[in-house]
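Colleague: Questions regarding the structure given below will be posed in turn.
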Amino acid sequence: MTGEDLRPQILVRDVTKSFSGRVVVDIDELVLGDVPVEGLLGPNGAGKTTLMRLIMHSIPLDGGTVTLSRPGQRDVLLSSTRTNQMAGLGVVKSTQVITDFEHLTILDSALLAVTEARYERPFSAAADRTVRKRHEDEIRHWLDYFGFDDPLAVALSGGDKKLLDIVRCLLLQPAVLLLDEPTAGLSEGHTERVKAAVRELASRGTSVVIVEHDLDVIWDLCDEVIFMAEGKVLLKDNPATIRANPTVVKSYLGAGSA
Amino acid sequence: MNLDWLDAFLIFGAFKVVEIMGLGLLVHLQLGLTRVANFGVVGFWGVGLYAFGVAYLKVDWPFGDVYQFLVCAAIATIVAAAAGLVVGWLISDLDDDGTLVGTLGFATIVVILATTQQGLTGGALGLGGLDFPYDFGRVKTHEFTWLLITTAVVALIFAYAWRVYRTPHGRLLIAVGSNEALARSLGKSATAARLRMMMVTSGAMGLLGAMHGVMVRSLEINSLDVSVTLAALAALILGGTARVFGAVVGVLLTVALFDIVIQFYIPIPDGWNTQALPVAREAVFGAAIVLMLIFRPQGLLGQMRRPALMRRLHGDW
Ligand SMILES: Nc1ncnc2c1ncn2[C@@H]1O[C@H](COP(=O)(O)OP(=O)(O)OP(=O)(O)O)[C@@H](O)[C@H]1O
Ligand SMILES: [Mg+2]
């Protein structure tokens with residue numbers, strides 16, 4: 001048993017998406033999750049973010065299907081599942097654009113991610129501390145791990161917001177984790193922490209797909225790399241092969257950067 | 001109880017203050033916490049008032065005073081909560097403008113229904129015959145007692161709003177209000193959260209409508225006037241939409257100032273009370289909203305202070 005067949009996978013089939021008549025994503029067939037960590041490369045505007053948003057169904061598909069398969073469980077058609085049900089299925093995505101809840105503190109964000117729906121009803125008698133007690137260990141673990149020294153404050157810097165976004169994703173204990181440029185704007189130290197967290201998560205069975213313009217992160221982390229351009233998947237291979245591919249070098253890496 | 005010292009109009013003024021405070025607190029939960037801009041406050045309150053009145057007058061209840069009030073008030077609350085659910089659902093996919101039009105439209109529909117369903121509501125003429133659920137002899141005592149009971153209800157509404165901030169429910173509402181897409185990606189059903197909030201707050205608005213019906217002891221079309229919405233919104237915006245005390249402070253500075261201080265303690269010429277003052281009041285409230293939105297949109301009390309509260313709740317983190 002290699003474990004490869006036992007990973008959660010996402011099958012993208014015949015998926016298309018256009019914005020005002022321009023085709024942005026057009027994929028015949030793509031399987032995500034047959035290796036622990038997959039990289040998604042492509043020049044600006046290639047459709048990477050759009051593909052991830054289509055998987056999350058946070059924007060409607062023009063056509064095609066996205067299916068989630070998890071070992072030992074029935075397949076789920078994500079393309080007819082609501083965005084807010086994705087987290088429950090274990091499909092989680094970080095956002096490329098820095099995003100946060102205005103007014104909420106870092107601890108608020110973490111607690112929000114872990115709180116079960118039954119505690120969130122209007123007349124639920126549960127106090128905040130009840131919920132905190134249930135999840136304190138994991139929250140503390142990730143906040144300490146990324147060096148948040150004042151979780152009772154609001155995240156101010158872009159870097160903190162970016163890390164908080166990742167913390168929220170990790171707290172959801174994803175089966176499939178889509179990371180859209182998770183290390184953009186982070187310090188070297190934090191980038192290393194994110195990478196280590198991804199490795200750790202993948203080793204425990206999560207399928208991670210990572211979009212990143214910092215190629216060192218990709219070569220370092222990924223077991224396989226997908227190369228996209230103009231909405232299409234052009235290549236899917238091991239990092240070394242992708243790195244040497246003339247198309248990739250020409251259209252993406254540019255002279256000298258590989 | 002000897003209440004000779006107490007002016008009957010003063011009781012009504014105080015009642016209005018308390019009532020608008022209750023509505024302001026509920027609007028705070030909708031607008032300040034969840035960012036649902038409800039411009040149809042009077043509609044939910046009015047649905048409660050009329051549901052209460054019709055249930056009270058048109059049904060032959062087999063029990064008296066207190067139970068009759070409780071049952072009819074429960075009906076009013078449920079009908080208003082249902083209205084909140086339906087309106088909330090209709091506006092759930094709309095933007096702010098759509099929400100404005102939708103809620104305003106709902107309030108208009110309530111007025112139209114109350115006017116046209118003459119058999120039930122008495123139409124434009126209204127209906128008398130509502131009464132206090134107790135009898136101690138003097139009307140003034142009854143009114144004063146009702147003021148105290150209503151104050152207790154509003155105190156409960158305040159306690160609820162105060163507690164919401166300290167629960168996962170409140171956090172969810174803030175999250176949904178401030179970044180719906182992000183909340184959804186964390187597995188939260190923004191729609192369900194908003195609908196639940198709308199049901200609870202609209203139901204409480206309906207209850208306040210029923211309480212109002214008892215105090216004035218009649219159904220009058222004129223009471224469904226936009227000034228109810230305006231008073232609650234003006235108070236909240238002045239005090240601060242994002243603070244629990246916003247509605248309290250705001251109402252003291254608006255309704256209490258006009259309906260108690262100016263009416264009773266400032267010598268103003270005869271006739272002004274009924275003619276000029278109500279008009280001036282609307283104008284000042286409207287102007288207050290506009291000025292606040294331009295110069296201090298967060299209101300007198302300012303922004304939500306989440307870190308301070310979190311420090312109080314989780315200071316040992
Ligand atoms: N909501 C939208 N409306 C219109 N066009 C859009 C929208 N979202 C994306 N696009 C366009 O679709 C194309 C693909 O965008 P996408 O964000 O998926 O690219 P990307 O591969 O993530 O690029 P980057 O590396 O810059 O993040 C771009 O040309 C973009 O301008
Ligand atoms: Mg992108």
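Residues in the structure tokens are numbered from 1 in each chain, the chains being A, B, ... in the order shown, and ligands are numbered from 1 in the order shown.
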Using only C-alpha atoms, determine which residues lie at most 10 Å from B:Ala8, disregarding the query and same-chain residues fewer than 2 positions distant; provide the list as a list in words.
Modeller: Leu3, Asp4, Trp5, Leu6, Leu10, Ile11, Phe12, Gly13, Val139, Lys140, Thr141, Glu143 and Phe144 of chain B
Colleague: Neighbours of ligand 1 within 9 Å, counting only C-alpha atoms and all ligand atoms, as number ranges by chain?
Modeller: A: 17-20, 22-25, 41-53, 59, 96-97, 180-181, 211-213, 228-231
Colleague: Please, which residues in chain B fall within 10 Å of chain A when counting only C-alpha atoms, and what is the closest atom pair and distance in Å to one decimal for each, ordered by chain then residue number, as a tab-separated table?
Modeller:
```
residue	atom	partner	partner_atom	distance
B:Tyr160	CA	A:Phe123	CA	9.2
B:Arg163	CA	A:Ala127	CA	9.2
B:Val164	CA	A:Pro122	CA	7.8
B:Tyr165	CA	A:Asp128	CA	9.5
B:Arg166	CA	A:Asp128	CA	6.3
B:Thr167	CA	A:Asp128	CA	5.0
B:Pro168	CA	A:Glu120	CA	5.1
B:His169	CA	A:Glu120	CA	4.1
B:Gly170	CA	A:Glu120	CA	7.9
B:Arg171	CA	A:Leu112	CA	7.0
B:Leu172	CA	A:Glu120	CA	6.8
B:Leu173	CA	A:Glu120	CA	9.1
B:Ile174	CA	A:Leu104	CA	7.7
B:Ala175	CA	A:Phe101	CA	5.9
B:Val176	CA	A:Phe101	CA	8.6
B:Gly177	CA	A:Phe101	CA	8.8
B:Ser178	CA	A:Phe101	CA	5.7
B:Asn179	CA	A:Phe101	CA	5.7
B:Glu180	CA	A:Phe101	CA	8.9
B:Ala181	CA	A:Ser58	CA	8.1
B:Leu182	CA	A:Asp100	CA	7.5
B:Ala183	CA	A:Asn84	CA	7.9
B:Arg184	CA	A:Asn84	CA	4.4
B:Ser185	CA	A:Asn84	CA	5.6
B:Leu186	CA	A:Ala113	CA	5.8
B:Gly187	CA	A:Asn84	CA	4.2
B:Lys188	CA	A:Asn84	CA	5.5
B:Ser189	CA	A:Asn84	CA	5.7
B:Ala190	CA	A:Asn84	CA	8.1
B:Thr191	CA	A:Asn84	CA	9.9
B:Ala192	CA	A:Arg121	CA	9.5
B:Ala193	CA	A:Arg121	CA	7.7
B:Arg196	CA	A:Pro122	CA	6.9
B:Met197	CA	A:Pro122	CA	6.9
B:Met199	CA	A:Pro122	CA	9.7
B:Val200	CA	A:Pro122	CA	7.7
B:Gln303	CA	A:His103	CA	8.6
B:Met304	CA	A:His103	CA	6.8
B:Arg305	CA	A:His103	CA	7.5
B:Arg306	CA	A:His103	CA	6.2
B:Pro307	CA	A:Ala153	CA	5.4
B:Ala308	CA	A:Leu152	CA	8.3
B:Leu309	CA	A:Leu152	CA	9.2
B:Met310	CA	A:Leu152	CA	6.2
B:Arg311	CA	A:Leu152	CA	6.3
B:Arg312	CA	A:Leu152	CA	9.9
B:Leu313	CA	A:Arg129	CA	7.9
B:His314	CA	A:Arg129	CA	7.8
B:Gly315	CA	A:Leu152	CA	8.1
B:Trp317	CA	A:Pro151	CA	8.1
```
Colleague: Just how far from atom CA of B:Met198 is atom CA of B:Gly84, in Å to one decimal?
Modeller: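 A separation of 5.2 Å between them.
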Colleague: Tell me which of A:Tyr145, A:Ala184, A:Arg74, A:His135 sits closest to ligand 2, counting only C-alpha atoms and all ligand atoms.
Modeller: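 Of A:Tyr145, A:Ala184, A:Arg74, A:His135, the one nearest ligand 2 is A:Ala184, counting only C-alpha atoms and all ligand atoms.
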